[in-house]
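J.: Enclosed is the structure file start.txt (compact mmCIF, C-alpha atoms and all ligand atoms).
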```txt
# COMPACT_ATOMS: atom_id res chain seq x y z
CA MET A 367 74.75 -45.36 91.65
CA ARG A 368 75.84 -44.54 88.08
CA SER A 369 76.49 -48.20 87.30
CA LYS A 370 73.08 -49.15 88.79
CA LEU A 371 71.38 -46.56 86.53
CA ALA A 372 73.32 -47.77 83.49
CA SER A 373 72.49 -51.40 84.14
CA SER A 374 68.74 -50.70 84.53
CA TRP A 375 68.91 -48.62 81.33
CA PHE A 376 70.52 -51.58 79.55
CA LEU A 377 67.97 -53.94 81.03
CA GLY A 378 65.15 -51.67 79.79
CA LEU A 379 66.71 -51.53 76.33
CA ALA A 380 67.19 -55.30 76.22
CA ILE A 381 63.55 -55.88 77.22
CA SER A 382 62.31 -53.39 74.59
CA VAL A 383 64.45 -55.03 71.88
CA ALA A 384 63.25 -58.49 72.92
CA LEU A 385 59.60 -57.34 72.90
CA ALA A 386 60.00 -55.67 69.49
CA ALA A 387 61.63 -58.82 68.10
CA LEU A 388 58.86 -60.94 69.57
CA PHE A 389 56.23 -58.66 68.07
CA LEU A 390 57.87 -58.67 64.63
CA ARG A 391 58.38 -62.44 64.70
CA SER A 392 54.83 -63.17 65.79
CA SER A 393 53.39 -60.83 63.20
CA VAL A 394 55.23 -62.78 60.49
CA LYS A 395 54.76 -66.17 62.07
CA THR A 396 51.08 -66.28 62.89
CA PRO A 397 48.85 -64.73 60.26
CA THR A 398 45.80 -65.19 62.43
CA GLN A 399 44.05 -62.07 61.21
CA SER A 400 41.88 -62.54 58.19
CA LYS A 401 43.63 -60.90 55.27
CA LEU A 402 43.92 -60.94 51.49
CA TRP A 403 46.67 -63.18 50.16
CA THR A 404 48.34 -63.28 46.77
CA PRO A 405 49.32 -66.65 45.26
CA GLU A 406 53.01 -65.62 45.41
CA GLU A 407 52.79 -64.82 49.13
CA LEU A 408 51.03 -68.09 49.85
CA THR A 409 53.86 -70.09 48.23
CA MET A 410 56.16 -69.13 51.14
CA TYR A 411 53.86 -70.95 53.55
CA ASN A 412 54.26 -74.39 52.02
CA GLY A 413 56.00 -75.91 55.01
CA THR A 414 59.59 -75.71 53.81
CA ASP A 415 60.42 -72.91 56.28
CA ASP A 416 59.57 -74.39 59.65
CA ARG A 417 59.51 -70.92 61.28
CA LEU A 418 56.43 -70.12 59.21
CA PRO A 419 52.96 -71.59 59.56
CA ILE A 420 51.64 -73.92 56.86
CA LEU A 421 48.78 -72.44 54.86
CA LEU A 422 46.42 -74.09 52.41
CA GLY A 423 43.89 -72.57 50.01
CA ILE A 424 40.62 -74.15 48.95
CA LEU A 425 38.01 -72.32 46.86
CA GLY A 426 40.05 -69.20 47.66
CA SER A 427 39.67 -69.55 51.44
CA VAL A 428 43.01 -69.76 53.22
CA PHE A 429 43.55 -71.86 56.35
CA ASP A 430 46.39 -72.30 58.80
CA VAL A 431 46.92 -76.06 58.79
CA THR A 432 50.11 -76.07 60.86
CA LYS A 433 48.60 -78.44 63.43
CA GLY A 434 48.30 -80.98 60.59
CA ARG A 435 52.06 -80.74 59.82
CA THR A 436 52.33 -84.53 59.52
CA HIS A 437 49.93 -84.41 56.53
CA TYR A 438 50.84 -81.03 55.05
CA GLY A 439 54.50 -80.57 55.95
CA PRO A 440 57.48 -81.73 53.86
CA GLY A 441 57.24 -85.48 53.24
CA GLY A 442 53.57 -85.55 54.25
CA GLY A 443 51.11 -87.24 51.89
CA TYR A 444 49.19 -84.00 51.39
CA ASN A 445 52.15 -81.58 51.24
CA HIS A 446 51.12 -80.58 47.70
CA PHE A 447 48.08 -78.81 49.11
CA ALA A 448 50.33 -76.51 51.16
CA GLY A 449 51.18 -73.00 49.94
CA ARG A 450 48.63 -73.02 47.12
CA ASP A 451 45.02 -73.46 46.14
CA ALA A 452 44.76 -76.88 44.49
CA SER A 453 40.97 -77.16 44.84
CA ARG A 454 40.66 -79.55 41.90
CA ALA A 455 43.01 -82.11 43.47
CA PHE A 456 40.55 -82.58 46.33
CA ILE A 457 38.38 -84.42 43.85
CA SER A 458 40.83 -85.72 41.27
CA GLY A 459 43.42 -87.03 43.73
CA ASN A 460 45.99 -85.89 41.15
CA PHE A 461 48.66 -84.18 43.21
CA THR A 462 51.11 -83.59 40.38
CA GLY A 463 51.67 -80.99 37.63
CA ASP A 464 48.43 -79.89 35.99
CA GLY A 465 46.43 -81.62 38.72
CA LEU A 466 47.47 -78.91 41.18
CA THR A 467 45.09 -76.27 39.91
CA ASP A 468 42.24 -74.23 41.33
CA SER A 469 40.24 -74.61 38.11
CA LEU A 470 37.10 -76.74 38.45
CA GLN A 471 36.18 -76.63 34.79
CA GLY A 472 34.09 -79.58 33.67
CA LEU A 473 33.43 -81.02 37.14
CA SER A 474 29.97 -82.39 37.91
CA THR A 475 27.49 -81.07 40.48
CA SER A 476 28.33 -83.86 42.94
CA GLU A 477 32.06 -83.19 42.55
CA MET A 478 31.50 -79.48 43.22
CA LYS A 479 29.58 -80.47 46.34
CA SER A 480 32.49 -82.62 47.54
CA ILE A 481 34.91 -79.70 47.24
CA VAL A 482 32.52 -77.37 49.09
CA ASP A 483 32.30 -80.11 51.77
CA TRP A 484 36.10 -80.16 52.02
CA ARG A 485 36.06 -76.38 52.56
CA ALA A 486 33.55 -76.90 55.38
CA PHE A 487 35.93 -79.50 56.85
CA TYR A 488 38.73 -76.91 56.93
CA PHE A 489 36.44 -74.31 58.53
CA ARG A 490 35.60 -76.88 61.23
CA SER A 491 39.10 -78.22 61.79
CA TYR A 492 41.56 -75.39 61.17
CA ILE A 493 41.95 -71.62 61.47
CA PHE A 494 40.64 -69.44 58.65
CA VAL A 495 43.29 -66.79 57.89
CA GLY A 496 41.88 -64.97 54.89
CA LYS A 497 41.12 -65.05 51.20
CA LEU A 498 43.28 -65.65 48.19
CA VAL A 499 42.96 -63.01 45.46
CA GLY A 500 42.42 -64.66 42.11
CA ARG A 501 39.86 -67.06 40.73
CA TYR A 502 37.57 -67.05 43.76
CA TYR A 503 38.00 -63.60 45.35
CA ASN A 504 38.68 -60.25 43.73
CA SER A 505 41.17 -57.70 45.02
CA GLN A 506 38.47 -56.27 47.33
CA GLY A 507 37.98 -59.69 48.89
CA ASN A 508 34.54 -60.12 47.33
CA PRO A 509 33.50 -63.50 45.90
CA THR A 510 33.85 -63.71 42.13
CA LYS A 511 31.18 -64.89 39.71
CA TYR A 512 33.20 -68.10 39.44
CA LEU A 513 32.89 -68.83 43.16
CA LYS A 514 29.16 -68.03 43.13
CA GLY A 515 28.78 -70.41 40.16
CA VAL A 516 30.64 -73.19 41.98
CA GLU A 517 28.57 -72.70 45.14
CA ALA A 518 25.31 -72.71 43.17
CA LYS A 519 26.30 -75.90 41.36
CA ALA A 520 27.32 -77.52 44.65
CA ALA A 521 23.97 -76.57 46.21
CA ARG A 522 22.19 -78.15 43.25
CA GLY A 523 24.38 -81.25 43.76
CA ALA A 524 23.36 -81.43 47.42
CA GLN A 525 19.65 -81.20 46.47
CA LEU A 526 20.00 -83.90 43.82
CA LEU A 527 21.86 -86.22 46.20
CA GLU A 528 19.12 -85.81 48.79
CA LYS A 529 16.48 -86.55 46.15
CA GLN A 530 18.43 -89.56 44.93
CA LYS A 531 18.70 -90.89 48.48
CA ASN A 532 14.92 -90.56 48.94
CA GLU A 533 14.21 -92.20 45.57
CA GLU A 534 16.56 -95.09 46.31
CA ALA A 535 15.02 -95.63 49.73
CA LYS A 536 11.71 -96.40 47.99
CA LEU A 537 13.26 -99.38 46.19
CA PRO A 538 14.93 -101.98 48.41
CA THR A 539 18.58 -102.52 47.49
CA CYS A 540 19.85 -106.06 46.83
CA ASN A 541 22.30 -107.73 49.21
CA SER A 542 25.67 -108.38 47.67
CA ARG A 543 28.92 -110.17 48.37
CA TRP A 544 32.17 -110.69 46.58
CA SER A 545 35.19 -112.89 47.11
CA GLN A 546 38.25 -113.61 44.99
CA GLU A 547 37.55 -117.36 45.02
CA GLU A 548 33.82 -117.36 44.36
CA GLY A 549 33.33 -114.04 42.52
CA GLY A 550 30.30 -111.88 43.22
CA GLU A 551 26.58 -112.36 43.66
CA VAL A 552 23.51 -110.30 44.46
CA TRP A 553 20.37 -111.58 46.16
CA CYS A 554 17.03 -110.43 47.55
CA ASP A 555 15.51 -111.56 50.84
CA VAL A 556 12.14 -110.46 49.50
CA GLY A 557 11.58 -110.20 45.72
CA TYR A 558 13.88 -110.67 42.72
CA PRO A 559 17.08 -108.83 41.73
CA ARG A 560 16.96 -106.47 38.75
CA LEU A 561 19.37 -103.88 37.36
CA VAL A 562 17.84 -100.38 37.31
CA GLN A 563 19.06 -97.01 36.13
CA ARG A 564 19.80 -94.43 38.82
CA PRO A 565 17.47 -91.67 37.61
CA LEU A 566 19.38 -88.60 38.86
CA GLU A 567 22.87 -89.91 38.16
CA ILE A 568 23.33 -88.06 34.86
CA ALA A 569 22.41 -84.74 36.48
CA LEU A 570 24.73 -85.51 39.40
CA THR A 571 27.81 -86.98 37.77
CA GLY A 572 27.27 -86.62 34.03
CA LYS A 573 27.45 -90.42 33.73
CA MET A 574 24.98 -93.29 33.62
CA SER A 575 24.97 -95.64 36.56
CA ARG A 576 22.90 -98.66 37.51
CA ARG A 577 22.24 -100.44 40.75
CA CYS A 578 20.57 -103.63 41.91
CA ALA A 579 17.09 -103.37 43.41
CA CYS A 580 14.56 -105.98 44.56
CA PHE A 581 11.13 -106.21 42.91
CA LYS A 582 8.04 -108.24 43.74
CA GLU A 583 6.83 -110.69 41.10
CA GLU A 584 3.93 -108.45 40.04
CA GLU A 585 6.35 -105.54 39.44
CA LEU A 586 8.73 -107.42 37.15
CA ASP A 587 7.12 -106.27 33.90
CA GLN A 588 7.74 -102.57 34.55
CA PRO A 589 9.85 -100.92 31.85
CA GLY A 590 13.53 -100.29 32.59
CA LEU A 591 14.23 -103.45 34.64
CA GLU A 592 17.01 -105.66 33.39
CA VAL A 593 17.56 -109.30 34.35
CA TYR A 594 21.18 -110.11 35.24
CA ASP A 595 23.02 -112.09 32.55
CA GLY A 596 22.88 -115.79 33.32
CA CYS A 597 20.06 -115.38 35.83
CA GLU A 598 16.55 -116.89 35.65
CA ARG A 599 13.49 -114.61 35.72
CA LEU A 600 12.53 -115.82 39.20
CA SER A 601 15.99 -116.45 40.69
CA LYS A 602 16.50 -114.87 44.08
CA THR A 603 20.29 -114.93 43.66
CA CYS A 604 22.25 -113.86 40.57
CA PRO A 605 25.98 -114.06 39.79
CA VAL A 606 27.63 -110.76 38.85
C1 LIG A 701 40.97 -87.86 46.07
C2 LIG A 701 41.77 -88.53 46.88
C3 LIG A 701 42.13 -88.07 48.26
C4 LIG A 701 42.18 -86.80 48.79
C5 LIG A 701 41.91 -85.50 48.09
C6 LIG A 701 42.56 -86.93 50.18
C7 LIG A 701 42.73 -85.86 51.05
C8 LIG A 701 43.06 -85.98 52.37
C9 LIG A 701 43.35 -84.87 53.25
C10 LIG A 701 43.34 -83.41 52.83
C11 LIG A 701 43.64 -85.37 54.46
C12 LIG A 701 44.06 -84.59 55.67
C13 LIG A 701 42.89 -84.23 56.52
C14 LIG A 701 43.31 -83.45 57.75
O1 LIG A 701 43.74 -82.30 57.61
O2 LIG A 701 43.15 -84.01 58.84
C15 LIG A 701 43.50 -86.81 54.39
C16 LIG A 701 43.71 -87.67 55.43
C17 LIG A 701 43.76 -89.03 55.28
N1 LIG A 701 43.66 -89.74 54.12
FE1 LIG A 701 43.22 -88.99 52.30
N2 LIG A 701 42.72 -88.24 50.48
C18 LIG A 701 42.49 -88.99 49.33
C19 LIG A 701 42.57 -90.34 49.19
C20 LIG A 701 42.91 -91.20 50.20
C21 LIG A 701 43.02 -92.64 50.05
C22 LIG A 701 42.81 -93.39 48.74
C23 LIG A 701 43.35 -93.13 51.26
C24 LIG A 701 43.60 -94.53 51.70
C25 LIG A 701 43.80 -95.56 50.92
C26 LIG A 701 43.45 -92.01 52.17
C27 LIG A 701 43.75 -92.12 53.51
C28 LIG A 701 43.79 -91.08 54.40
C29 LIG A 701 43.99 -91.23 55.82
C30 LIG A 701 44.19 -92.55 56.56
C31 LIG A 701 43.96 -89.95 56.38
C32 LIG A 701 44.05 -89.58 57.84
C33 LIG A 701 45.42 -89.60 58.32
C34 LIG A 701 45.46 -89.22 59.78
O3 LIG A 701 44.55 -88.55 60.29
O4 LIG A 701 46.46 -89.53 60.38
N3 LIG A 701 43.18 -90.86 51.49
N4 LIG A 701 43.14 -87.14 53.10
```
Could I get this file's structure written as structure tokens?
Ligand code: HEM

T.:
Amino acid sequence: MRSKLASSWFLGLAISVALAALFLRSSVKTPTQSKLWTPEELTMYNGTDDRLPILLGILGSVFDVTKGRTHYGPGGGYNHFAGRDASRAFISGNFTGDGLTDSLQGLSTSEMKSIVDWRAFYFRSYIFVGKLVGRYYNSQGNPTKYLKGVEAKAARGAQLLEKQKNEEAKLPTCNSRWSQEEGGEVWCDVGYPRLVQRPLEIALTGKMSRRCACFKEEELDQPGLEVYDGCERLSKTCPV
């Protein structure tokens, strides 16, 4: 009787210890609750300790990307994104040294939009586990002026891109092909190829950019149209 009592007492103790261990382990292992993270804390979740989930920060939002271990774990092509907020690298593709920063200083409206799009990708594909205190969220978890500025610039970028798409749809784009042997050429099924400035490009990217569009003969004297070098005024095909 005594030994039966003792063994059930031991069994009870063993179960309690196991449950407590499980609870402690899971509370460390799966930070599913939304919380505030510090950059130092986040570093631990860079995939080197395979008992811990892999976390990634972008624009101060933190995601559990463990299911993408092949990309984000050790040896993965995107391991540098793990355990930190390297928002800038999503646009620069520079995954080394100074490239691994959350500063977006000097980026254009369209680049800001791309980074905000990446954040949306993580919201869609992974689990949001909280906010990183620093550049994008303050210690109360509220968005900083910096984040609001980035989001406003990205929204402007989205508007401009939409406008650019509509503008470009009004002017038919040239066909084009390129091969190593023959080089490149542009041609129009209807009309004549001309180089034109993309009107919203400066506002979008900070740089000038031109594209090929097709114009009817009566439109060819409009200002701002450039004939391709080595191409006749009424050639339908031009080398590039
Ligand atoms: C600015 C440069 C780049 C950035 C920031 C970037 C970022 C990423 C990220 C974060 C993922 C993982 C997405 C996920 O969680 O599922 C990914 C996947 C991928 N990237 Fe890139 N990438 C870049 C350039 C490239 C280039 C140049 C190539 C190819 C030449 C490439 C090929 C791929 C492929 C194939 C995948 C999917 C892999 C798979 O699902 O198995 N990336 N990229």

J.: For atom CA of Phe489 of chain A and atom CA of Gly463 of chain A, determine how far apart the two atoms are, in Å to one decimal place.

T.: 26.7 Å

J.: Counting all atoms listed in the file, which protein, DNA or RNA residues come within 8 Å of ligand LIG 701 (chain A), given as a PyMOL selection string?

T.: chain A and resi 431+434+436-438+444+447+455-460+484+488+491

J.: Considering all atoms listed in the file, state which residue in the set A:Val482, A:Thr467, A:Phe461, A:Glu406 is at the smallest distance from Gly443 of chain A.

T.: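 Ranked by minimum distance to Gly443 of chain A, first place goes to A:Phe461.
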
J.: Taking all atoms listed in the file into account, which of A:Ser400, A:Val593, A:Gly426, A:Lys582 comes nearest Lys514 of chain A?

T.: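 Ranking A:Ser400, A:Val593, A:Gly426, A:Lys582 by distance to Lys514 of chain A, first place goes to A:Gly426.
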
J.: Find the distance between atom CA of Val516 of chain A and atom CA of Met478 of chain A and write it in Å to one decimal.

T.: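 Atom CA of Val516 of chain A sits 6.5 Å away from atom CA of Met478 of chain A.
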
J.: Using only C-alpha atoms, give me every residue within 10 Å of (22.2, -106.8, 43.7) in file coordinates, as number ranges by chain.

T.: A: 538-543, 550-554, 558-561, 577-580, 594, 602-606

J.: What is the atom CA of Leu566 of chain A to atom CA of Tyr502 of chain A distance in Å?

T.: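 Going from atom CA of Leu566 of chain A over to atom CA of Tyr502 of chain A, I get 28.6 Å.
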
J.: Could you tell me which of A:Glu592, A:Glu585, A:Asp468, A:Asp451 comes closest to Phe429 of chain A if we count only C-alpha atoms?

T.: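 Among the listed residues, A:Asp451 lies closest to Phe429 of chain A.
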
J.: What's around Glu533 of chain A at 10 Å? Count all atoms listed in the file, leave out sequence neighbours fewer than 6 positions away in its own chain, and write the answer as a PyMOL selection string.

T.: chain A and resi 527+564-566

J.: Name the residues in contact with Asn504 of chain A at a cut-off of 12 Å, using all atoms listed in the file, excluding same-chain residues fewer than 5 positions from it; report them as an NGL selection string.

T.: :A and (402-404 or 426 or 497-499 or 509-513)

J.: From the options A:Gln506, A:Ser474, A:Tyr492, A:Val556, which residue's atoms come nearest to Leu526 of chain A, counting all atoms listed in the file?

T.: A:Ser474

J.: Could you please fill out segment 422-446 of chain A with N, CA and C atoms and send it back as a PDB file, keeping the file's coordinate frame?

T.:
```
ATOM      1  N   LEU A 422      47.024 -73.351  53.527  1.00  0.00           N
ATOM      2  CA  LEU A 422      46.420 -74.090  52.410  1.00  0.00           C
ATOM      3  C   LEU A 422      45.212 -73.309  51.911  1.00  0.00           C
ATOM      4  N   GLY A 423      45.055 -73.246  50.589  1.00  0.00           N
ATOM      5  CA  GLY A 423      43.890 -72.570  50.010  1.00  0.00           C
ATOM      6  C   GLY A 423      42.929 -73.570  49.420  1.00  0.00           C
ATOM      7  N   ILE A 424      41.633 -73.321  49.621  1.00  0.00           N
ATOM      8  CA  ILE A 424      40.620 -74.150  48.950  1.00  0.00           C
ATOM      9  C   ILE A 424      39.442 -73.234  48.619  1.00  0.00           C
ATOM     10  N   LEU A 425      39.041 -73.234  47.369  1.00  0.00           N
ATOM     11  CA  LEU A 425      38.010 -72.320  46.860  1.00  0.00           C
ATOM     12  C   LEU A 425      38.319 -70.884  47.282  1.00  0.00           C
ATOM     13  N   GLY A 426      39.613 -70.563  47.335  1.00  0.00           N
ATOM     14  CA  GLY A 426      40.050 -69.200  47.660  1.00  0.00           C
ATOM     15  C   GLY A 426      40.017 -68.863  49.135  1.00  0.00           C
ATOM     16  N   SER A 427      39.590 -69.796  49.994  1.00  0.00           N
ATOM     17  CA  SER A 427      39.670 -69.550  51.440  1.00  0.00           C
ATOM     18  C   SER A 427      41.001 -70.114  51.920  1.00  0.00           C
ATOM     19  N   VAL A 428      41.679 -69.341  52.777  1.00  0.00           N
ATOM     20  CA  VAL A 428      43.010 -69.760  53.220  1.00  0.00           C
ATOM     21  C   VAL A 428      42.950 -70.176  54.698  1.00  0.00           C
ATOM     22  N   PHE A 429      43.579 -71.316  54.996  1.00  0.00           N
ATOM     23  CA  PHE A 429      43.550 -71.860  56.350  1.00  0.00           C
ATOM     24  C   PHE A 429      44.957 -72.117  56.850  1.00  0.00           C
ATOM     25  N   ASP A 430      45.132 -71.930  58.159  1.00  0.00           N
ATOM     26  CA  ASP A 430      46.390 -72.300  58.800  1.00  0.00           C
ATOM     27  C   ASP A 430      46.261 -73.767  59.212  1.00  0.00           C
ATOM     28  N   VAL A 431      47.027 -74.619  58.536  1.00  0.00           N
ATOM     29  CA  VAL A 431      46.920 -76.060  58.790  1.00  0.00           C
ATOM     30  C   VAL A 431      48.172 -76.596  59.506  1.00  0.00           C
ATOM     31  N   THR A 432      48.863 -75.681  60.201  1.00  0.00           N
ATOM     32  CA  THR A 432      50.110 -76.070  60.860  1.00  0.00           C
ATOM     33  C   THR A 432      49.920 -77.264  61.798  1.00  0.00           C
ATOM     34  N   LYS A 433      48.782 -77.317  62.482  1.00  0.00           N
ATOM     35  CA  LYS A 433      48.600 -78.440  63.430  1.00  0.00           C
ATOM     36  C   LYS A 433      48.511 -79.788  62.690  1.00  0.00           C
ATOM     37  N   GLY A 434      48.309 -79.746  61.386  1.00  0.00           N
ATOM     38  CA  GLY A 434      48.300 -80.980  60.590  1.00  0.00           C
ATOM     39  C   GLY A 434      49.628 -81.161  59.848  1.00  0.00           C
ATOM     40  N   ARG A 435      50.738 -80.689  60.477  1.00  0.00           N
ATOM     41  CA  ARG A 435      52.060 -80.740  59.820  1.00  0.00           C
ATOM     42  C   ARG A 435      52.390 -82.133  59.282  1.00  0.00           C
ATOM     43  N   THR A 436      51.979 -83.178  59.993  1.00  0.00           N
ATOM     44  CA  THR A 436      52.330 -84.530  59.520  1.00  0.00           C
ATOM     45  C   THR A 436      51.718 -84.799  58.131  1.00  0.00           C
ATOM     46  N   HIS A 437      50.530 -84.238  57.861  1.00  0.00           N
ATOM     47  CA  HIS A 437      49.930 -84.410  56.530  1.00  0.00           C
ATOM     48  C   HIS A 437      50.494 -83.404  55.526  1.00  0.00           C
ATOM     49  N   TYR A 438      50.592 -82.127  55.986  1.00  0.00           N
ATOM     50  CA  TYR A 438      50.840 -81.030  55.050  1.00  0.00           C
ATOM     51  C   TYR A 438      52.288 -80.567  54.978  1.00  0.00           C
ATOM     52  N   GLY A 439      53.104 -80.992  55.949  1.00  0.00           N
ATOM     53  CA  GLY A 439      54.500 -80.570  55.950  1.00  0.00           C
ATOM     54  C   GLY A 439      55.320 -81.354  54.939  1.00  0.00           C
ATOM     55  N   PRO A 440      56.623 -81.015  54.811  1.00  0.00           N
ATOM     56  CA  PRO A 440      57.480 -81.730  53.860  1.00  0.00           C
ATOM     57  C   PRO A 440      57.442 -83.236  54.129  1.00  0.00           C
ATOM     58  N   GLY A 441      57.276 -84.016  53.088  1.00  0.00           N
ATOM     59  CA  GLY A 441      57.240 -85.480  53.240  1.00  0.00           C
ATOM     60  C   GLY A 441      55.861 -86.008  53.581  1.00  0.00           C
ATOM     61  N   GLY A 442      54.942 -85.121  53.937  1.00  0.00           N
ATOM     62  CA  GLY A 442      53.570 -85.550  54.250  1.00  0.00           C
ATOM     63  C   GLY A 442      52.817 -85.887  52.966  1.00  0.00           C
ATOM     64  N   GLY A 443      51.851 -86.796  53.076  1.00  0.00           N
ATOM     65  CA  GLY A 443      51.110 -87.240  51.890  1.00  0.00           C
ATOM     66  C   GLY A 443      50.326 -86.136  51.212  1.00  0.00           C
ATOM     67  N   TYR A 444      50.006 -85.073  51.950  1.00  0.00           N
ATOM     68  CA  TYR A 444      49.190 -84.000  51.390  1.00  0.00           C
ATOM     69  C   TYR A 444      49.953 -82.675  51.332  1.00  0.00           C
ATOM     70  N   ASN A 445      51.294 -82.772  51.296  1.00  0.00           N
ATOM     71  CA  ASN A 445      52.150 -81.580  51.240  1.00  0.00           C
ATOM     72  C   ASN A 445      51.858 -80.713  50.007  1.00  0.00           C
ATOM     73  N   HIS A 446      51.378 -81.356  48.920  1.00  0.00           N
ATOM     74  CA  HIS A 446      51.120 -80.580  47.700  1.00  0.00           C
ATOM     75  C   HIS A 446      49.977 -79.592  47.854  1.00  0.00           C
TER      76      HIS A 446
END
```
